[in-house]
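Student: This is the content of start-v7.csv (CSV, C-alpha atoms):
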chain,number,residue,atom,x,y,z
A,1,ALA,CA,-55.2,48.9,19.8
A,2,ASP,CA,-52.5,46.3,19.3
A,3,ILE,CA,-52.2,43.2,21.5
A,4,ALA,CA,-48.7,44.2,22.6
A,5,THR,CA,-50.1,47.2,24.5
A,6,THR,CA,-53.5,45.7,25.5
A,7,GLU,CA,-52.2,42.3,26.6
A,8,PRO,CA,-48.5,42.7,26.9
A,9,LYS,CA,-47.9,39.5,29.0
A,10,ARG,CA,-49.6,37.3,26.4
A,11,ALA,CA,-47.9,39.1,23.6
A,12,LEU,CA,-44.4,38.7,25.1
A,13,GLN,CA,-45.1,35.0,25.9
A,14,ALA,CA,-46.1,34.5,22.2
A,15,LYS,CA,-42.8,36.2,21.0
A,16,LEU,CA,-40.7,34.1,23.4
A,17,ALA,CA,-42.6,30.9,22.3
A,18,ASP,CA,-41.1,31.5,18.8
A,19,LEU,CA,-37.7,30.9,20.3
A,20,VAL,CA,-37.7,27.1,20.6
A,21,THR,CA,-33.9,27.2,20.5
A,22,PHE,CA,-31.8,30.2,20.7
A,23,GLN,CA,-28.0,30.6,20.7
A,24,GLY,CA,-25.4,33.3,20.4
A,25,GLU,CA,-22.8,35.5,22.2
A,26,PHE,CA,-23.2,38.3,24.6
A,27,ILE,CA,-21.4,41.4,25.8
A,28,GLN,CA,-22.2,42.1,29.4
A,29,GLU,CA,-21.9,45.5,31.1
A,30,VAL,CA,-22.7,46.0,34.7
A,31,TYR,CA,-23.6,49.5,36.0
A,32,ASP,CA,-23.8,50.8,39.5
A,33,GLY,CA,-26.0,53.8,38.8
A,34,GLU,CA,-24.2,55.4,36.0
A,35,ASP,CA,-20.8,53.9,36.8
A,36,LEU,CA,-19.7,51.0,34.6
A,37,ILE,CA,-18.3,48.6,37.1
A,38,GLN,CA,-17.8,45.4,35.1
A,39,GLU,CA,-17.5,44.3,31.5
A,40,GLY,CA,-17.6,40.7,30.2
A,41,THR,CA,-18.3,38.5,27.3
A,42,GLY,CA,-19.7,35.0,26.9
A,43,HIS,CA,-22.0,32.7,25.0
A,44,PHE,CA,-25.3,31.0,25.6
A,45,TYR,CA,-27.6,28.2,24.4
A,46,LEU,CA,-31.3,28.2,25.2
A,47,GLU,CA,-33.9,25.6,24.6
A,48,ARG,CA,-37.4,26.2,25.7
A,49,PRO,CA,-39.2,25.4,27.8
A,50,ALA,CA,-36.6,24.8,30.4
A,51,LYS,CA,-33.0,24.6,29.4
A,52,LEU,CA,-30.2,27.2,29.4
A,53,ARG,CA,-26.4,27.4,29.3
A,54,TRP,CA,-25.0,30.8,30.1
A,55,VAL,CA,-21.1,30.9,30.0
A,56,THR,CA,-19.2,34.1,31.1
A,57,ASP,CA,-15.6,34.2,29.9
A,58,ALA,CA,-12.5,35.0,31.9
A,59,PRO,CA,-11.4,36.9,33.9
A,60,ASP,CA,-14.9,36.7,35.6
A,61,GLU,CA,-15.5,33.1,34.5
A,62,SER,CA,-18.7,31.3,35.5
A,63,THR,CA,-21.0,28.8,34.0
A,64,LEU,CA,-24.8,28.6,34.6
A,65,VAL,CA,-26.6,25.5,33.4
A,66,ALA,CA,-30.4,24.9,33.8
A,67,ASP,CA,-31.1,21.4,32.7
A,68,GLY,CA,-34.8,21.4,33.3
A,69,GLU,CA,-34.7,20.4,37.0
A,70,THR,CA,-31.5,21.6,38.5
A,71,LEU,CA,-29.7,24.9,38.1
A,72,TRP,CA,-25.9,24.5,38.2
A,73,TYR,CA,-23.8,27.6,38.9
A,74,HIS,CA,-20.0,26.9,38.6
A,75,ASN,CA,-17.4,29.4,39.7
A,76,PRO,CA,-13.9,28.2,38.9
A,77,PHE,CA,-12.3,31.0,41.0
A,78,ILE,CA,-13.5,29.3,44.1
A,79,GLU,CA,-13.6,25.7,42.6
A,80,GLN,CA,-17.2,25.3,43.6
A,81,VAL,CA,-20.5,24.4,41.9
A,82,THR,CA,-23.8,25.4,43.5
A,83,LEU,CA,-27.0,23.5,42.8
A,84,PHE,CA,-30.5,25.0,43.1
A,85,HIS,CA,-33.9,23.6,42.3
A,86,GLN,CA,-34.6,25.2,39.0
A,87,SER,CA,-38.2,26.0,39.9
A,88,GLU,CA,-37.2,27.9,43.0
A,89,ALA,CA,-34.4,29.8,41.1
A,90,MET,CA,-36.9,30.7,38.4
A,91,GLN,CA,-39.2,32.6,40.8
A,92,ALA,CA,-36.3,34.8,42.0
A,93,ASN,CA,-34.6,35.5,38.6
A,94,PRO,CA,-36.6,36.9,35.7
A,95,LEU,CA,-33.6,36.0,33.3
A,96,LEU,CA,-34.8,32.4,33.7
A,97,LEU,CA,-38.3,33.5,32.8
A,98,LEU,CA,-37.1,33.5,29.2
A,99,LEU,CA,-37.4,29.7,29.4
A,100,ASP,CA,-40.6,29.2,31.1
A,101,ALA,CA,-43.9,29.0,29.2
A,102,GLU,CA,-45.8,27.8,32.2
A,103,GLN,CA,-48.2,30.4,33.5
A,104,ALA,CA,-47.4,29.7,37.2
A,105,ASN,CA,-44.1,31.5,37.4
A,106,TRP,CA,-45.3,34.4,35.1
A,107,ASP,CA,-48.1,35.1,37.6
A,108,ALA,CA,-45.4,36.6,40.0
A,109,PHE,CA,-44.5,39.2,37.3
A,110,ASN,CA,-46.1,42.2,35.7
A,111,VAL,CA,-45.4,42.8,32.0
A,112,SER,CA,-45.6,46.1,30.1
A,113,TYR,CA,-44.6,47.4,26.6
A,114,ASP,CA,-43.5,50.9,25.9
A,115,GLY,CA,-45.1,50.8,22.5
A,116,GLU,CA,-41.7,51.3,20.7
A,117,LYS,CA,-39.2,48.5,21.5
A,118,LEU,CA,-38.9,47.8,25.2
A,119,TRP,CA,-40.7,45.0,27.1
A,120,THR,CA,-40.5,45.2,30.9
A,121,VAL,CA,-41.0,42.2,33.2
A,122,GLU,CA,-41.1,43.2,36.9
A,123,GLU,CA,-42.1,41.4,40.0
A,124,HIS,CA,-45.3,42.1,41.8
A,125,PRO,CA,-44.4,44.3,44.8
A,126,ASP,CA,-45.7,41.5,47.1
A,127,ALA,CA,-43.9,38.6,45.2
A,128,ALA,CA,-42.6,36.3,48.0
A,129,ALA,CA,-39.3,34.9,46.8
A,130,GLY,CA,-38.5,37.9,44.6
A,131,MET,CA,-35.3,39.9,44.7
A,132,GLY,CA,-37.1,43.1,43.5
A,133,SER,CA,-35.5,42.7,40.1
A,134,THR,CA,-36.7,43.9,36.8
A,135,LEU,CA,-36.0,42.6,33.3
A,136,HIS,CA,-36.2,44.6,30.1
A,137,LEU,CA,-36.1,42.9,26.6
A,138,ALA,CA,-35.8,44.2,23.1
A,139,PHE,CA,-36.4,42.4,19.8
A,140,LEU,CA,-35.0,43.2,16.4
A,141,ASP,CA,-38.4,43.3,14.8
A,142,ALA,CA,-39.0,46.7,16.5
A,143,VAL,CA,-36.0,48.2,14.6
A,144,SER,CA,-35.9,45.9,11.4
A,145,ASP,CA,-38.4,44.7,8.8
A,146,ARG,CA,-36.4,41.7,7.7
A,147,PRO,CA,-38.5,38.5,8.2
A,148,GLU,CA,-35.6,36.7,9.9
A,149,ASP,CA,-35.5,39.4,12.6
A,150,THR,CA,-39.1,38.6,13.8
A,151,ASN,CA,-39.0,37.8,17.5
A,152,MET,CA,-35.2,37.9,17.5
A,153,LEU,CA,-34.2,38.9,21.0
A,154,TYR,CA,-31.1,41.2,20.9
A,155,LYS,CA,-30.9,43.0,24.2
A,156,LEU,CA,-31.6,42.1,27.9
A,157,ILE,CA,-31.3,44.5,30.8
A,158,LEU,CA,-31.5,43.1,34.3
A,159,GLU,CA,-32.0,45.5,37.2
A,160,ASP,CA,-31.4,44.0,40.6
A,161,GLY,CA,-33.5,46.6,42.6
A,162,HIS,CA,-30.4,48.1,44.3
A,163,GLY,CA,-29.1,50.4,41.6
A,164,GLN,CA,-27.2,47.6,39.8
A,165,ARG,CA,-28.0,47.1,36.1
A,166,SER,CA,-26.6,44.4,33.9
A,167,VAL,CA,-26.9,45.1,30.1
A,168,PHE,CA,-26.5,42.0,27.9
A,169,SER,CA,-26.1,42.9,24.2
A,170,LEU,CA,-26.6,39.7,22.1
A,171,GLN,CA,-24.6,39.0,18.9
A,172,ASP,CA,-24.5,36.3,16.2
A,173,MET,CA,-27.9,35.1,17.4
A,174,GLN,CA,-29.4,32.0,15.8
A,175,LYS,CA,-33.0,31.1,16.3
A,176,ASN,CA,-34.4,27.5,16.1
A,177,GLN,CA,-31.2,25.9,14.9
A,178,PRO,CA,-29.8,22.5,16.2
A,179,LEU,CA,-27.8,22.8,19.4
A,180,PRO,CA,-24.8,20.8,20.5
A,181,ALA,CA,-25.8,17.5,22.1
A,182,GLN,CA,-24.2,18.2,25.5
A,183,ALA,CA,-25.3,21.8,25.6
A,184,PHE,CA,-27.3,21.4,28.8
A,185,LEU,CA,-25.2,18.8,30.6
A,186,PHE,CA,-23.0,20.0,33.4
A,187,THR,CA,-20.0,17.8,34.2
A,188,ILE,CA,-18.4,18.6,37.6
A,189,PRO,CA,-14.6,19.1,37.1
A,190,ASP,CA,-12.4,17.1,39.4
A,191,GLY,CA,-11.7,18.7,42.8
A,192,THR,CA,-14.7,20.9,42.6
A,193,ASP,CA,-16.6,21.6,45.9
A,194,ILE,CA,-20.3,20.8,45.6
A,195,ASP,CA,-22.6,23.3,47.4
A,196,ASP,CA,-26.0,21.7,47.2
A,197,GLN,CA,-28.6,24.3,48.0
A,198,ARG,CA,-31.5,22.1,47.0
A,199,ASP,CA,-33.0,21.5,50.5
B,1,CYS,CA,2.7,25.8,32.2
B,2,ALA,CA,3.8,29.1,33.6
B,3,SER,CA,6.3,28.3,36.4
B,4,THR,CA,5.8,30.0,39.7
B,5,PRO,CA,8.4,32.8,40.1
B,6,GLN,CA,10.9,32.2,42.9
B,7,THR,CA,10.8,34.2,46.1
B,8,SER,CA,13.5,34.9,48.6
B,9,ASP,CA,13.9,36.4,52.0
B,10,THR,CA,16.8,38.5,50.7
B,11,VAL,CA,16.7,40.8,47.7
B,12,ALA,CA,18.8,43.8,46.8
B,13,PRO,CA,17.4,46.3,49.3
B,14,GLU,CA,17.4,49.1,46.7
B,15,ARG,CA,15.4,47.1,44.3
B,16,HIS,CA,12.7,46.5,46.9
B,17,ALA,CA,12.9,50.1,48.2
B,18,ASP,CA,12.5,51.5,44.6
B,19,HIS,CA,9.5,49.4,44.0
B,20,GLN,CA,7.9,50.4,47.3
B,21,ALA,CA,8.7,54.1,46.7
B,22,TRP,CA,7.1,54.0,43.2
B,23,LEU,CA,3.9,52.4,44.5
B,24,SER,CA,3.6,54.8,47.4
B,25,GLN,CA,2.9,57.6,44.9
B,26,ILE,CA,-0.5,56.0,44.3
B,27,VAL,CA,-3.2,58.1,46.0
B,28,PHE,CA,-6.4,56.6,44.5
B,29,TRP,CA,-7.4,53.5,42.7
B,30,ASN,CA,-10.6,51.8,41.4
B,31,ILE,CA,-10.7,48.1,40.7
B,32,GLN,CA,-13.1,45.2,40.2
B,33,GLY,CA,-12.6,41.5,40.6
B,34,ASN,CA,-13.6,38.3,42.4
B,35,ILE,CA,-13.3,37.6,46.1
B,36,ALA,CA,-13.5,34.2,47.7
B,37,PHE,CA,-13.8,33.2,51.4
B,38,PHE,CA,-12.6,29.8,52.5
B,39,ASN,CA,-13.0,28.2,56.0
B,40,ASP,CA,-10.3,25.6,56.0
B,41,ALA,CA,-11.7,23.9,59.1
B,42,ASP,CA,-15.1,23.0,57.7
B,43,GLY,CA,-14.5,23.4,54.0
B,44,GLU,CA,-17.1,26.1,53.7
B,45,ARG,CA,-16.4,28.5,50.8
B,46,ASP,CA,-18.3,31.4,49.2
B,47,ALA,CA,-17.5,33.8,46.4
B,48,ALA,CA,-18.7,37.1,45.0
B,49,ARG,CA,-17.7,39.9,42.7
B,50,TYR,CA,-16.5,43.2,44.1
B,51,THR,CA,-15.8,46.7,43.0
B,52,TRP,CA,-13.5,48.8,45.2
B,53,ARG,CA,-12.6,52.5,45.1
B,54,GLN,CA,-9.9,53.5,47.5
B,55,GLN,CA,-8.4,56.8,48.4
B,56,HIS,CA,-5.3,56.8,50.6
B,57,THR,CA,-5.2,60.2,52.1
B,58,PRO,CA,-7.7,61.0,53.7
B,59,GLU,CA,-8.5,57.3,53.7
B,60,THR,CA,-11.9,56.7,52.1
B,61,THR,CA,-13.2,53.3,50.9
B,62,SER,CA,-16.2,52.5,48.7
B,63,PHE,CA,-16.7,48.7,48.4
B,64,ARG,CA,-19.5,46.8,46.8
B,65,LEU,CA,-20.0,43.0,47.0
B,66,TYR,CA,-22.4,41.4,44.4
B,67,HIS,CA,-23.3,38.0,43.0
B,68,PRO,CA,-24.3,37.4,39.4
B,69,LEU,CA,-27.4,35.5,40.6
B,70,ARG,CA,-28.2,37.1,43.9
B,71,GLY,CA,-27.5,40.7,43.0
B,72,THR,CA,-26.0,43.2,45.4
B,73,LEU,CA,-25.0,41.6,48.7
B,74,ALA,CA,-23.4,44.5,50.5
B,75,ARG,CA,-22.3,48.1,50.0
B,76,LEU,CA,-19.7,49.6,52.3
B,77,GLU,CA,-18.5,53.2,52.6
B,78,GLN,CA,-15.7,54.3,55.0
B,79,ASN,CA,-14.4,57.8,55.6
B,80,GLU,CA,-12.9,59.7,58.5
B,81,SER,CA,-16.2,60.0,60.3
B,82,GLY,CA,-16.9,56.3,60.2
B,83,GLY,CA,-18.3,53.3,58.3
B,84,VAL,CA,-21.7,52.7,56.7
B,85,PHE,CA,-23.0,49.2,55.6
B,86,THR,CA,-26.1,48.8,53.3
B,87,ASN,CA,-27.5,45.3,53.1
B,88,LEU,CA,-29.5,43.4,50.4
B,89,GLN,CA,-32.7,44.9,51.7
B,90,GLY,CA,-31.4,48.4,51.5
B,91,GLU,CA,-31.1,48.9,55.3
B,92,THR,CA,-28.1,50.9,56.5
B,93,PHE,CA,-26.0,50.4,59.7
B,94,ASN,CA,-23.2,52.5,61.1
B,95,ALA,CA,-20.0,51.7,63.1
B,96,GLU,CA,-16.5,53.0,63.4
B,97,HIS,CA,-15.0,50.5,60.9
B,98,ILE,CA,-16.4,48.7,57.9
B,99,ASP,CA,-14.4,45.6,58.9
B,100,GLU,CA,-16.6,45.2,61.9
B,101,LEU,CA,-19.8,46.1,60.0
B,102,LEU,CA,-19.2,43.5,57.2
B,103,TYR,CA,-18.3,40.8,59.7
B,104,THR,CA,-21.3,41.5,62.0
B,105,HIS,CA,-23.8,41.5,59.1
B,106,THR,CA,-22.4,38.9,56.8
B,107,GLY,CA,-19.8,36.9,58.7
B,108,MET,CA,-17.3,37.8,56.1
B,109,PRO,CA,-13.9,39.0,57.7
B,110,ILE,CA,-12.0,41.5,55.5
B,111,PRO,CA,-9.2,43.5,57.1
B,112,PHE,CA,-9.8,46.4,54.7
B,113,HIS,CA,-6.9,48.7,55.7
B,114,LEU,CA,-4.4,45.9,55.5
B,115,MET,CA,-5.9,44.7,52.2
B,116,SER,CA,-6.0,48.2,50.7
B,117,GLU,CA,-2.1,48.3,50.9
B,118,ALA,CA,-1.7,44.6,49.8
B,119,ILE,CA,-3.8,45.2,46.7
B,120,ILE,CA,-1.2,47.5,45.3
B,121,GLY,CA,1.8,45.5,46.7
B,122,LEU,CA,2.7,48.1,49.4
B,123,GLU,CA,4.2,47.0,52.7
B,124,PRO,CA,1.7,47.8,55.4
B,125,GLN,CA,2.5,50.4,58.1
B,126,VAL,CA,2.1,47.8,60.8
B,127,SER,CA,4.4,45.3,62.5
B,128,ILE,CA,5.3,42.7,59.9
B,129,ALA,CA,7.7,39.8,59.8
B,130,ASN,CA,8.8,36.9,57.5
B,131,ARG,CA,9.0,39.2,54.5
B,132,ARG,CA,9.8,37.5,51.2
B,133,TRP,CA,10.3,39.1,47.8
B,134,PHE,CA,10.4,38.2,44.1
B,135,GLU,CA,13.7,38.8,42.3
B,136,SER,CA,12.2,41.9,40.8
B,137,GLY,CA,12.0,43.4,44.3
B,138,ALA,CA,8.2,43.1,44.4
B,139,LEU,CA,6.8,41.9,47.7
B,140,ALA,CA,5.8,38.2,47.7
B,141,SER,CA,4.6,37.5,51.3
B,142,TYR,CA,4.7,38.6,54.9
B,143,THR,CA,3.0,38.1,58.2
B,144,ALA,CA,1.2,41.2,59.6
B,145,ASP,CA,0.0,41.7,63.2
B,146,ILE,CA,-2.9,44.1,63.2
B,147,SER,CA,-4.2,43.0,66.7
B,148,GLN,CA,-6.2,45.9,68.1
B,149,SER,CA,-6.6,44.3,71.5
B,150,PRO,CA,-5.9,41.1,73.5
B,151,TRP,CA,-9.3,39.8,72.5
B,152,ASN,CA,-9.0,41.0,68.9
B,153,GLN,CA,-6.0,39.1,67.8
B,154,GLN,CA,-5.4,39.5,64.1
B,155,VAL,CA,-2.2,38.0,62.6
B,156,TRP,CA,-2.6,37.6,58.9
B,157,GLN,CA,-0.3,35.7,56.5
B,158,VAL,CA,-0.4,37.6,53.2
B,159,GLU,CA,0.6,36.2,49.8
B,160,LEU,CA,0.9,38.4,46.7
B,161,SER,CA,1.3,36.9,43.2
B,162,ASP,CA,0.4,37.3,39.5
B,163,TYR,CA,2.2,40.6,39.3
B,164,ARG,CA,1.5,42.4,36.0
B,165,VAL,CA,2.2,45.8,34.6
B,166,VAL,CA,-0.7,48.3,34.9
B,167,VAL,CA,-0.4,51.4,32.8
B,168,HIS,CA,-2.5,54.6,33.5
B,169,ASN,CA,-1.9,58.1,32.2
B,170,GLY,CA,1.4,57.0,30.8
B,171,ARG,CA,2.7,55.6,34.1
B,172,SER,CA,3.3,51.9,34.6
B,173,PHE,CA,3.0,50.1,37.9
B,174,THR,CA,3.9,46.5,38.5
B,175,MET,CA,1.1,45.3,40.8
B,176,PRO,CA,-0.3,41.9,42.1
B,177,HIS,CA,-3.5,40.6,40.6
B,178,MET,CA,-3.9,37.8,43.2
B,179,ILE,CA,-3.8,38.5,46.9
B,180,GLU,CA,-4.5,35.9,49.6
B,181,ALA,CA,-4.8,36.7,53.3
B,182,SER,CA,-5.1,33.8,55.8
B,183,GLN,CA,-5.6,33.5,59.5
B,184,TYR,CA,-6.5,29.9,60.1
B,185,PRO,CA,-9.1,28.7,59.6
B,186,LEU,CA,-10.1,31.7,57.4
B,187,ARG,CA,-8.6,32.4,54.0
B,188,ILE,CA,-9.6,35.4,51.7
B,189,ARG,CA,-8.6,35.4,48.1
B,190,PHE,CA,-8.8,38.6,46.1
B,191,GLN,CA,-8.4,38.4,42.3
B,192,VAL,CA,-8.1,41.7,40.5
B,193,SER,CA,-9.9,41.4,37.1
B,194,GLN,CA,-9.5,45.0,36.1
B,195,TRP,CA,-7.7,48.2,37.1
B,196,ARG,CA,-10.2,50.9,36.1
B,197,GLU,CA,-8.3,53.9,37.5
B,198,VAL,CA,-5.0,54.7,39.2
B,199,LEU,CA,-4.2,58.2,40.3
B,200,VAL,CA,-0.8,59.4,41.6
B,201,GLU,CA,0.3,62.5,43.6
Could you rewrite the structure in this file as structure tokens?
Tutor:
Amino acid sequence: ADIATTEPKRALQAKLADLVTFQGEFIQEVYDGEDLIQEGTGHFYLERPAKLRWVTDAPDESTLVADGETLWYHNPFIEQVTLFHQSEAMQANPLLLLLDAEQANWDAFNVSYDGEKLWTVEEHPDAAAGMGSTLHLAFLDAVSDRPEDTNMLYKLILEDGHGQRSVFSLQDMQKNQPLPAQAFLFTIPDGTDIDDQRD
Amino acid sequence: CASTPQTSDTVAPERHADHQAWLSQIVFWNIQGNIAFFNDADGERDAARYTWRQQHTPETTSFRLYHPLRGTLARLEQNESGGVFTNLQGETFNAEHIDELLYTHTGMPIPFHLMSEAIIGLEPQVSIANRRWFESGALASYTADISQSPWNQQVWQVELSDYRVVVHNGRSFTMPHMIEASQYPLRIRFQVSQWREVLVE
């Protein structure tokens, strides 16, 4: 039997390890059950093991930057930036698991593969800091033979455990290409309220 | 930059009346957007995204508050028989009004009935004063007294802005996309990102 089904966690970590840097655009659709309740677009930069920039465009503008230590979440509507310890945020949010190669955080999650194209990362039922959320990932190599599509992530589905599902369809993805120098630097705009949640 | 449209406390009565009459045809709407809560005494602020489905007669409200990082914060359902609040853990609580439920369980004060009319630019059916309008006849601001009792004093200053045309099923409505209600030290700011549905009589 193939490692993806016998040891799905190790197999998924190997696929993600291939994404040293990753960038592209996304279309986001948020569902409440079957009802589409929000649509949005944006772009992202990712550099493993620990850096991410996730920018959602207007009208629901927000910027999420993980710089390796601190998670910055900026919401211009309220002119506020919230700071979290990245390690704490990572336990509660499987989206950030994309970054993390360290085993520690992965221990709080179960991984499975449906044998066709969908990988599922869900929290252990007794995970302490968890939000009861589940992340599904799909890679192009399940639907394409082209060498450049190997380990190329193209879809993320985040379920929040309360019937809300965010579907991120990725576009114009680039794997292991240079990233802008300031990609993971967050500069606080003037007049922005700082909500420091790091204890 | 876009100049802020002028408001006045006098406008051609028929212009204002026509706009109000046109809006009063709306019987159901479904919107999504951003909501922010400010406490101007201590500078505290918080924001979330919301989806809101509102029917006017009989009055039914379905409101969901969620945060991109923290997931669903609250779900509220109101109909003639009462209000139901569901929290982050999925527990449900009942009371007569969802205003009271949301405030009790989250500390967030939303005067839903008042806001349900402000969202579409309608003058509320309560005692209001200090009305101001835009030249077009659209409502710009007012003070509304929705006090239910001597110990539940609620006098809200409401500002409506960013009016834009919303077209549904061939009908167009000029409606505000930014609504701010304040009662010092509290300030609630509603931004409407998208009108998903508008139904008329």
Student: Within 8 Å of (-12.9, 33.5, 51.7) in the file's own coordinates, which protein, DNA or RNA residues have an atom, counting all atoms listed in the file? List them as a list in words.
Tutor: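 Returned residue set, sorted by chain then number, is Ile35, Ala36, Phe37, Phe38, Asn39, Arg45, Asp46, Ala47, Met108, Leu186, Arg187, Ile188 and Arg189 of chain B.
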Student: Can I get the selected residues back with C-alpha atoms, as a short mmCIF file (atom, residue, chain, number, x, y, z; two decimals), in the frame of the given file?
Tutor:
data_model
loop_
_atom_site.label_atom_id
_atom_site.label_comp_id
_atom_site.auth_asym_id
_atom_site.auth_seq_id
_atom_site.Cartn_x
_atom_site.Cartn_y
_atom_site.Cartn_z
CA ILE B 35 -13.30 37.60 46.10
CA ALA B 36 -13.50 34.20 47.70
CA PHE B 37 -13.80 33.20 51.40
CA PHE B 38 -12.60 29.80 52.50
CA ASN B 39 -13.00 28.20 56.00
CA ARG B 45 -16.40 28.50 50.80
CA ASP B 46 -18.30 31.40 49.20
CA ALA B 47 -17.50 33.80 46.40
CA MET B 108 -17.30 37.80 56.10
CA LEU B 186 -10.10 31.70 57.40
CA ARG B 187 -8.60 32.40 54.00
CA ILE B 188 -9.60 35.40 51.70
CA ARG B 189 -8.60 35.40 48.10
#
Student: Give me, as an mmCIF file with C-alpha atoms, in the coordinates of the input, the contact residues of chain B against chain A at a cut-off of 12 Å, counting all atoms listed in the file.
Tutor:
data_model
loop_
_atom_site.group_PDB
_atom_site.id
_atom_site.type_symbol
_atom_site.label_atom_id
_atom_site.label_comp_id
_atom_site.auth_asym_id
_atom_site.auth_seq_id
_atom_site.Cartn_x
_atom_site.Cartn_y
_atom_site.Cartn_z
ATOM 1 C CA ASN B 30 -10.600 51.800 41.400
ATOM 2 C CA ILE B 31 -10.700 48.100 40.700
ATOM 3 C CA GLN B 32 -13.100 45.200 40.200
ATOM 4 C CA GLY B 33 -12.600 41.500 40.600
ATOM 5 C CA ASN B 34 -13.600 38.300 42.400
ATOM 6 C CA ILE B 35 -13.300 37.600 46.100
ATOM 7 C CA ALA B 36 -13.500 34.200 47.700
ATOM 8 C CA PHE B 37 -13.800 33.200 51.400
ATOM 9 C CA PHE B 38 -12.600 29.800 52.500
ATOM 10 C CA ASN B 39 -13.000 28.200 56.000
ATOM 11 C CA ASP B 42 -15.100 23.000 57.700
ATOM 12 C CA GLY B 43 -14.500 23.400 54.000
ATOM 13 C CA GLU B 44 -17.100 26.100 53.700
ATOM 14 C CA ARG B 45 -16.400 28.500 50.800
ATOM 15 C CA ASP B 46 -18.300 31.400 49.200
ATOM 16 C CA ALA B 47 -17.500 33.800 46.400
ATOM 17 C CA ALA B 48 -18.700 37.100 45.000
ATOM 18 C CA ARG B 49 -17.700 39.900 42.700
ATOM 19 C CA TYR B 50 -16.500 43.200 44.100
ATOM 20 C CA THR B 51 -15.800 46.700 43.000
ATOM 21 C CA TRP B 52 -13.500 48.800 45.200
ATOM 22 C CA ARG B 53 -12.600 52.500 45.100
ATOM 23 C CA PHE B 63 -16.700 48.700 48.400
ATOM 24 C CA ARG B 64 -19.500 46.800 46.800
ATOM 25 C CA LEU B 65 -20.000 43.000 47.000
ATOM 26 C CA TYR B 66 -22.400 41.400 44.400
ATOM 27 C CA HIS B 67 -23.300 38.000 43.000
ATOM 28 C CA PRO B 68 -24.300 37.400 39.400
ATOM 29 C CA LEU B 69 -27.400 35.500 40.600
ATOM 30 C CA ARG B 70 -28.200 37.100 43.900
ATOM 31 C CA GLY B 71 -27.500 40.700 43.000
ATOM 32 C CA THR B 72 -26.000 43.200 45.400
ATOM 33 C CA LEU B 73 -25.000 41.600 48.700
ATOM 34 C CA ALA B 74 -23.400 44.500 50.500
ATOM 35 C CA ARG B 75 -22.300 48.100 50.000
ATOM 36 C CA THR B 86 -26.100 48.800 53.300
ATOM 37 C CA ASN B 87 -27.500 45.300 53.100
ATOM 38 C CA LEU B 88 -29.500 43.400 50.400
ATOM 39 C CA GLN B 89 -32.700 44.900 51.700
ATOM 40 C CA GLY B 90 -31.400 48.400 51.500
ATOM 41 C CA GLU B 91 -31.100 48.900 55.300
ATOM 42 C CA HIS B 177 -3.500 40.600 40.600
ATOM 43 C CA MET B 178 -3.900 37.800 43.200
ATOM 44 C CA ARG B 187 -8.600 32.400 54.000
ATOM 45 C CA ILE B 188 -9.600 35.400 51.700
ATOM 46 C CA ARG B 189 -8.600 35.400 48.100
ATOM 47 C CA PHE B 190 -8.800 38.600 46.100
ATOM 48 C CA GLN B 191 -8.400 38.400 42.300
ATOM 49 C CA VAL B 192 -8.100 41.700 40.500
ATOM 50 C CA SER B 193 -9.900 41.400 37.100
ATOM 51 C CA GLN B 194 -9.500 45.000 36.100
ATOM 52 C CA TRP B 195 -7.700 48.200 37.100
ATOM 53 C CA ARG B 196 -10.200 50.900 36.100
ATOM 54 C CA GLU B 197 -8.300 53.900 37.500
#
Student: Please indicate the distance in Å from CA of Ala142 in chain A to CA of Ser112 in chain A, rounded to one decimal place.
Tutor: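 Interatomic distance here is 15.1 Å.
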Student: Need the shell around Val166 in chain B: protein/DNA/RNA residues with any atom at most 9 Å away, counting all atoms listed in the file. Skip same-chain ones fewer than 2 positions apart. Format as a PDB file with C-alpha atoms, in the coordinates of the input?
Tutor:
ATOM      1  CA  ARG B 164       1.500  42.400  36.000  1.00  0.00           C
ATOM      2  CA  HIS B 168      -2.500  54.600  33.500  1.00  0.00           C
ATOM      3  CA  ARG B 171       2.700  55.600  34.100  1.00  0.00           C
ATOM      4  CA  SER B 172       3.300  51.900  34.600  1.00  0.00           C
ATOM      5  CA  PHE B 173       3.000  50.100  37.900  1.00  0.00           C
ATOM      6  CA  THR B 174       3.900  46.500  38.500  1.00  0.00           C
ATOM      7  CA  MET B 175       1.100  45.300  40.800  1.00  0.00           C
ATOM      8  CA  TRP B 195      -7.700  48.200  37.100  1.00  0.00           C
ATOM      9  CA  VAL B 198      -5.000  54.700  39.200  1.00  0.00           C
TER      10      VAL B 198
END
Student: When you count only C-alpha atoms, which of these residues is closest to Phe22 in chain A: A:Ile3, A:Leu98, A:Val55, A:Leu140?
Tutor: A:Leu98
Student: Using CA of Ala17 in chain A and CA of Asn151 in chain A as the two end points, give the distance in Å to one decimal.
Tutor: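 Separation between CA of Ala17 in chain A and CA of Asn151 in chain A: 9.1 Å.
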Student: When you look at range 141-158 of chain B with a cut-off of 9 Å (counting all atoms listed in the file), what residues show up, excluding the ones that are within fewer than 3 positions of it in the same chain? I need them as a list of chain:residue names.
Tutor: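 These residues fall inside the cut-off: B:Thr7, B:Pro111, B:Leu114, B:Ala118, B:Glu123, B:Pro124, B:Val126, B:Ser127, B:Ile128, B:Ala129, B:Asn130, B:Arg131, B:Arg132, B:Trp133, B:Ser161, B:Ile179, B:Glu180, B:Ala181, B:Ser182, B:Gln183, B:Tyr184.
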Student: For the point (-23.5, 18.8, 35.4) in the file's frame, write as a PyMOL selection string all residues with an atom no more than 12 Å away, counting all atoms listed in the file.
Tutor: chain A and resi 53+63-74+81-83+182-190+192+194
